[in-house]
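**Q** To be precise about what I am sending: the file is called protein.txt and holds compact mmCIF, C-alpha atoms.
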# COMPACT_ATOMS: atom_id res chain seq x y z
CA MET A 14 109.75 112.76 116.34
CA GLY A 15 111.51 115.58 118.12
CA CYS A 16 114.76 114.84 119.85
CA VAL A 17 114.39 115.37 123.58
CA GLU A 18 118.15 115.22 124.03
CA SER A 19 118.51 118.46 122.08
CA MET A 20 116.08 120.30 124.34
CA ASN A 21 116.69 122.09 127.61
CA TYR A 22 115.05 119.86 130.22
CA GLU A 23 115.22 118.98 133.89
CA ILE A 24 114.74 115.41 135.08
CA LEU A 25 112.38 115.25 138.05
CA MET A 26 112.35 111.44 138.22
CA ARG A 27 114.38 108.80 136.44
CA ASN A 28 113.89 105.05 135.93
CA GLY A 29 110.41 105.30 137.34
CA SER A 30 107.30 103.38 136.42
CA PHE A 31 104.43 104.89 134.48
CA LYS A 32 102.29 104.69 137.63
CA GLU A 33 104.87 106.52 139.74
CA CYS A 34 105.10 109.30 137.16
CA ARG A 35 101.33 109.68 136.98
CA GLU A 36 101.00 109.77 140.78
CA TYR A 37 103.87 112.24 141.11
CA ILE A 38 102.23 114.68 138.71
CA ARG A 39 98.84 114.41 140.37
CA GLN A 40 100.30 114.85 143.84
CA HIS A 41 102.71 117.69 143.10
CA PHE A 42 100.86 119.79 140.52
CA THR A 43 97.41 121.22 141.01
CA GLU A 44 97.17 121.88 137.30
CA TYR A 45 97.36 118.87 135.01
CA ILE A 46 95.63 117.27 132.06
CA ASP A 47 95.09 113.62 131.22
CA VAL A 48 95.87 112.59 127.65
CA GLN A 49 95.89 109.40 125.64
CA PRO A 50 99.05 107.66 124.37
CA GLY A 51 100.31 109.21 121.17
CA PHE A 52 99.35 112.74 122.24
CA LYS A 53 101.97 115.17 120.97
CA ILE A 54 104.04 117.37 123.27
CA PHE A 55 106.95 119.29 121.71
CA ASP A 56 106.38 117.17 118.61
CA ILE A 57 107.01 114.06 120.72
CA HIS A 58 104.40 111.33 120.87
CA THR A 59 103.78 110.38 124.49
CA ILE A 60 104.21 106.74 125.45
CA GLY A 61 102.40 105.22 128.40
CA VAL A 62 99.43 103.53 129.95
CA PRO A 63 96.35 105.75 129.68
CA PRO A 64 95.51 108.12 131.15
CA ILE A 65 98.86 109.88 130.89
CA ALA A 66 99.05 112.86 133.24
CA ILE A 67 100.76 116.04 132.00
CA GLY A 68 101.55 118.64 134.66
CA LEU A 69 101.47 122.39 134.10
CA ASP A 70 103.27 124.87 136.34
CA ARG A 71 103.22 128.41 134.92
CA ASP A 72 105.22 128.06 131.68
CA PHE A 73 106.67 124.70 132.65
CA ILE A 74 105.38 121.41 131.30
CA ILE A 75 105.97 118.20 133.22
CA PHE A 76 105.51 115.00 131.26
CA PRO A 77 106.67 111.35 131.17
CA TYR A 78 109.21 110.27 128.58
CA THR A 79 109.74 106.54 128.10
CA LYS A 80 112.79 104.78 126.69
CA PRO A 81 112.79 100.98 126.19
CA CYS A 82 115.98 100.38 128.18
CA HIS A 83 115.71 103.06 130.85
CA GLY A 84 112.09 103.13 131.87
CA THR A 85 110.18 106.34 132.25
CA PHE A 86 111.68 109.74 132.99
CA LEU A 87 109.65 112.62 134.28
CA LEU A 88 110.83 115.72 132.44
CA ARG A 89 110.23 119.41 133.14
CA MET A 90 110.58 121.86 130.26
CA GLU A 91 109.78 125.53 129.89
CA ASP A 92 107.86 126.70 126.85
CA THR A 93 105.27 129.45 127.00
CA ALA A 94 103.57 128.60 123.72
CA GLU A 95 103.37 124.86 124.39
CA ALA A 96 102.02 125.42 127.91
CA ALA A 97 99.33 127.69 126.49
CA ARG A 98 98.47 125.08 123.84
CA LEU A 99 98.13 122.36 126.45
CA ARG A 100 95.86 124.56 128.58
CA THR A 101 93.43 124.72 125.67
CA PHE A 102 93.09 120.95 125.93
CA LYS A 103 92.42 121.28 129.64
CA LYS A 104 89.37 123.41 128.89
CA ARG A 105 88.02 120.77 126.55
CA VAL A 106 88.36 117.93 129.08
CA MET B 11 99.76 69.98 92.98
CA PRO B 12 100.30 66.33 91.96
CA GLY B 13 103.47 64.72 93.14
CA ASN B 14 104.22 67.29 95.80
CA PRO B 15 104.86 65.45 99.06
CA HIS B 16 104.51 68.66 101.07
CA PRO B 17 101.57 70.73 99.86
CA VAL B 18 102.11 74.41 100.49
CA GLN B 19 99.99 77.49 100.11
CA CYS B 20 100.90 79.98 97.43
CA HIS B 21 101.83 82.64 99.94
CA GLU B 22 104.62 80.41 101.19
CA ALA B 23 106.46 80.56 97.89
CA GLN B 24 108.43 83.65 98.78
CA SER B 25 109.32 82.31 102.20
CA TYR B 26 110.80 79.19 100.71
CA SER B 27 112.55 80.74 97.75
CA LEU B 28 115.95 80.87 99.45
CA TRP B 29 115.74 77.21 100.43
CA LEU B 30 114.85 76.34 96.91
CA LYS B 31 117.83 78.14 95.41
CA ASN B 32 120.04 75.75 97.33
CA GLY B 33 118.82 72.89 95.18
CA ASN B 34 116.90 70.41 97.25
CA TYR B 35 113.40 71.60 96.50
CA THR B 36 113.67 72.88 92.92
CA LYS B 37 110.69 70.85 91.74
CA TRP B 38 108.62 72.11 94.61
CA GLN B 39 109.40 75.70 93.62
CA GLU B 40 108.26 75.10 90.05
CA LEU B 41 105.00 73.59 91.21
CA VAL B 42 104.27 76.53 93.45
CA ASN B 43 105.02 79.07 90.72
CA LEU B 44 103.03 77.20 88.12
CA SER B 45 99.89 77.48 90.20
CA GLY B 46 99.47 80.93 88.66
CA GLU B 47 98.00 82.48 91.76
CA PRO B 48 99.70 85.54 93.22
CA PRO B 49 101.09 85.22 96.74
CA THR B 50 98.44 86.08 99.25
CA SER B 51 98.93 87.69 102.64
CA LEU B 52 96.91 87.32 105.79
CA GLY B 53 98.04 90.78 106.75
CA SER B 54 100.86 92.57 108.43
CA ALA B 55 102.34 92.04 111.87
CA LEU B 56 104.42 94.50 113.85
CA LEU B 57 106.95 93.20 116.36
CA VAL B 58 107.71 95.88 118.95
CA LEU B 59 111.01 95.04 120.56
CA GLY B 60 111.99 96.06 124.05
CA CYS B 61 115.43 96.62 125.50
CA PRO B 62 117.57 93.69 124.32
CA GLN B 63 119.22 93.12 127.70
CA VAL B 64 117.25 89.89 128.18
CA PRO B 65 118.72 87.37 125.71
CA VAL B 66 115.54 85.51 124.72
CA GLN B 67 114.11 88.50 122.87
CA THR B 68 116.23 88.17 119.74
CA SER B 69 115.74 84.42 119.53
CA ILE B 70 111.98 84.54 120.02
CA ALA B 71 111.65 87.45 117.60
CA LEU B 72 113.34 85.45 114.82
CA TYR B 73 111.21 82.41 115.66
CA LEU B 74 108.01 84.45 115.62
CA ILE B 75 108.96 86.15 112.35
CA ASN B 76 109.49 82.73 110.78
CA ARG B 77 106.14 81.42 111.97
CA LEU B 78 104.33 84.57 110.86
CA LYS B 79 105.91 84.45 107.40
CA LYS B 80 105.04 80.79 106.98
CA SER B 81 101.45 81.61 107.84
CA GLY B 82 101.30 84.40 105.29
CA PHE B 83 101.85 87.47 107.44
CA VAL B 84 104.29 90.21 106.50
CA PRO B 85 106.29 90.88 109.65
CA VAL B 86 107.80 94.28 110.38
CA VAL B 87 110.20 94.85 113.27
CA ALA B 88 110.34 98.07 115.29
CA GLY B 89 112.92 98.55 118.02
CA ASN B 90 115.66 100.77 119.26
CA LYS B 91 119.05 100.73 117.56
CA ALA B 92 120.53 97.99 119.75
CA ALA B 93 117.55 95.64 119.49
CA ASN B 94 117.31 96.08 115.72
CA THR B 95 121.04 95.63 115.20
CA LEU B 96 121.04 92.35 117.10
CA LEU B 97 118.49 90.99 114.66
CA VAL B 98 120.09 92.41 111.53
CA ILE B 99 123.51 91.01 112.44
CA ALA B 100 122.00 87.61 113.26
CA ASP B 101 120.23 87.41 109.88
CA PRO B 102 122.57 89.11 107.37
CA ASP B 103 120.97 87.52 104.30
CA ARG B 104 117.51 88.38 105.57
CA HIS B 105 116.22 84.83 105.50
CA TYR B 106 113.77 85.82 108.22
CA LEU B 107 113.87 89.60 108.61
CA GLY B 108 111.91 91.88 106.35
CA GLU B 109 111.39 95.53 107.11
CA VAL B 110 113.11 96.88 110.20
CA MET B 111 112.34 100.35 111.51
CA ASP B 112 113.06 102.64 114.41
CA LEU B 113 110.54 102.27 117.23
CA ASP B 114 109.89 106.00 117.60
CA ARG B 115 109.28 106.24 113.86
CA ALA B 116 106.78 103.39 114.04
CA VAL B 117 104.88 105.12 116.86
CA THR B 118 104.83 108.36 114.89
CA MET B 119 103.57 106.73 111.70
CA ILE B 120 100.80 104.82 113.48
CA THR B 121 99.73 107.86 115.50
CA ASP B 122 99.66 110.01 112.38
CA LYS B 123 97.50 107.34 110.66
CA LYS B 124 100.10 106.89 107.93
CA ARG B 125 100.45 103.22 108.64
CA ASP B 126 98.90 100.44 110.70
CA PHE B 127 99.14 96.69 111.16
CA ASP B 128 96.79 93.77 111.61
CA ARG B 129 98.64 92.23 114.55
CA CYS B 130 101.10 93.71 116.98
CA PHE B 131 103.44 91.75 119.22
CA VAL B 132 105.03 93.72 122.05
CA PHE B 133 108.02 92.26 123.87
CA ILE B 134 107.86 93.09 127.58
CA HIS B 135 110.40 92.49 130.29
CA ASN B 136 110.18 95.82 132.11
CA ASP B 137 107.80 98.65 132.90
CA ALA B 138 108.67 100.48 129.70
CA GLY B 139 107.47 97.48 127.70
CA ILE B 140 104.04 97.77 129.31
CA SER B 141 103.96 101.46 128.40
CA TYR B 142 104.71 100.67 124.76
CA ALA B 143 102.11 97.89 124.67
CA ALA B 144 99.42 100.16 126.13
CA THR B 145 100.41 102.81 123.61
CA MET B 146 100.09 100.39 120.71
CA GLY B 147 96.70 99.34 122.04
CA ALA B 148 95.59 102.96 122.07
CA ILE B 149 96.96 104.16 118.73
CA SER B 150 96.71 101.04 116.56
CA LYS B 151 93.79 98.98 115.33
CA ALA B 152 95.97 95.86 115.46
CA LYS B 153 95.15 92.89 117.63
CA ILE B 154 97.66 93.20 120.47
CA TYR B 155 99.73 90.32 121.81
CA THR B 156 102.05 90.92 124.76
CA LEU B 157 105.04 88.61 125.13
CA VAL B 158 106.03 88.87 128.78
CA TYR B 159 109.25 87.27 129.98
CA GLY B 160 112.19 87.76 132.30
CA GLU B 161 112.74 87.09 136.00
CA HIS B 162 109.77 89.20 137.11
CA TYR B 163 107.29 88.30 134.41
CA GLU B 164 104.47 87.59 136.89
CA ASP B 165 104.67 91.07 138.41
CA LEU B 166 104.59 92.58 134.93
CA VAL B 167 101.54 90.53 133.93
CA LYS B 168 99.67 91.92 136.97
CA ASN B 169 100.20 95.45 135.63
CA ILE B 170 98.67 94.72 132.23
CA ASP B 171 95.10 95.97 132.48
CA PHE B 172 94.37 96.80 128.84
CA PRO B 173 92.87 94.49 126.19
CA CYS B 174 95.47 92.11 124.78
CA THR B 175 96.42 88.46 124.58
CA ILE B 176 99.11 87.78 127.14
CA ILE B 177 101.78 85.20 126.32
CA ALA B 178 104.01 84.87 129.38
CA ALA B 179 106.79 82.66 130.68
CA LYS B 180 109.78 82.86 132.96
CA ALA B 181 112.42 83.03 130.27
CA VAL B 182 115.72 84.87 130.53
CA HIS B 183 118.48 82.90 128.80
CA ASN B 184 116.49 79.88 127.68
CA PRO B 185 113.88 80.76 125.05
CA LEU B 186 112.07 77.41 125.20
CA PRO B 187 109.49 78.31 127.91
CA LEU B 188 108.42 81.37 125.92
CA LYS B 189 108.45 79.41 122.66
CA LYS B 190 106.20 76.82 124.28
CA ALA B 191 103.80 79.52 125.46
CA LEU B 192 103.76 81.02 121.95
CA ASP B 193 103.10 77.65 120.35
CA GLU B 194 100.12 77.09 122.65
CA VAL B 195 98.54 80.38 121.58
CA THR B 196 99.51 80.10 117.88
CA PRO B 197 99.11 83.84 117.25
CA TRP B 198 100.14 83.30 113.64
CA ALA B 199 96.96 81.34 112.95
CA ALA B 200 94.48 82.98 110.61
Translate the structure described by the file into structure tokens.

**A**
Amino acid sequence: MGCVESMNYEILMRNGSFKECREYIRQHFTEYIDVQPGFKIFDIHTIGVPPIAIGLDRDFIIFPYTKPCHGTFLLRMEDTAEAARLRTFKKRV
Amino acid sequence: MPGNPHPVQCHEAQSYSLWLKNGNYTKWQELVNLSGEPPTSLGSALLVLGCPQVPVQTSIALYLINRLKKSGFVPVVAGNKAANTLLVIADPDRHYLGEVMDLDRAVTMITDKKRDFDRCFVFIHNDAGISYAATMGAISKAKIYTLVYGEHYEDLVKNIDFPCTIIAAKAVHNPLPLKKALDEVTPWAA
């Protein structure tokens, strides 16, 4: 698994619930995809209750990141290639 | 097994080997080994630990591991560093513990289809625990059991809307309510 700590990220929400993160993405981003748990983003397997919403904002990716002791964080990361890859999944949905 | 006051299945031989080395049940050990049948396993069981801030988790995990082993399951523990270390320190000679792995690694291996389990027990006392349980339900073919505990266990149970067997009790420091709930379900039964 990739180490999120080593990446350049912005925390949009911390210690949230999986429902709050899903609702935040759907309310604040017109472009998003729903994925199943285990779906890989940045080589990280997503954890959560399906469907897991992943937001897309130009080259930024907004996704939930869950830690056992700290709940779910909503992270925002910039990556042109990964955003383009995720958009291919959007077309398939 | 003539003369054995406590008949045991072959798969229990390994579980009891450390007791037997202490002397009291030497004859029992010989009888088990002489049966000639290889130890059998009912399958594997993954214990997904949550944050160890609620004390009952470590106690119930060791109890569940013991019951699973006695029933012929091979238990594997997956947790974060703190949760795993609490167990490893509590069982230095590995009387109960078998394989212990990092939780993220377990998720990766199951998702990548490199490994799976027959039963999966997810410890839940917060929202993150529900997320991990739902994830296990989605990526694994295992039968999912959720062990829900803590002060707010009823609220957590309401948020579980995926297929699983819920074992719940208000248990924070005292593990007995959760042990009782586990014993009623007997998830280690074949």

**Q** Separation of atom CA of A:Lys53 and atom CA of B:His135, in Å?

**A**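 Computing the Euclidean distance for atom CA of A:Lys53 and atom CA of B:His135 yields 25.9 Å.
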
**Q** Calculate, to one decimal in Å, the centre and edge lengths of the box along x, y and z of the file that holds all listed atoms of stretch 172-189 of chain B with 8 Å of margin on each side, and present them as lines of an AutoDock Vina configuration file.

**A**
center_x = 105.7
center_y = 87.1
center_z = 127.8
size_x = 41.6
size_y = 35.4
size_z = 26.3

**Q** Distance limit 10 Å, atoms considered: only C-alpha atoms. Which chain A residues sit that close to chain B? Return them as a ChimeraX atom specification.

**A** /A:14-15,28-32,49-53,56-63,78-85

**Q** Provide the atom CA of B:Pro102 to atom CA of B:Leu72 distance in Å, to one decimal place.

**A**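 Taking atom CA of B:Pro102 as the start and atom CA of B:Leu72 as the end point, the length is 12.4 Å.
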
**Q** Of the candidates A:Val17, A:Ile38, A:Val48, A:Leu99, which shows the shortest atom-to-atom distance to A:Ile75, using all atoms listed in the file?

**A** A:Ile38

**Q** Which is closer to A:Leu87 than all the others in A:Thr101, A:Glu18, A:Ile74, A:Ile46, using only C-alpha atoms?

**A**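 Answer, going by the shortest atom-to-atom distance: A:Ile74.
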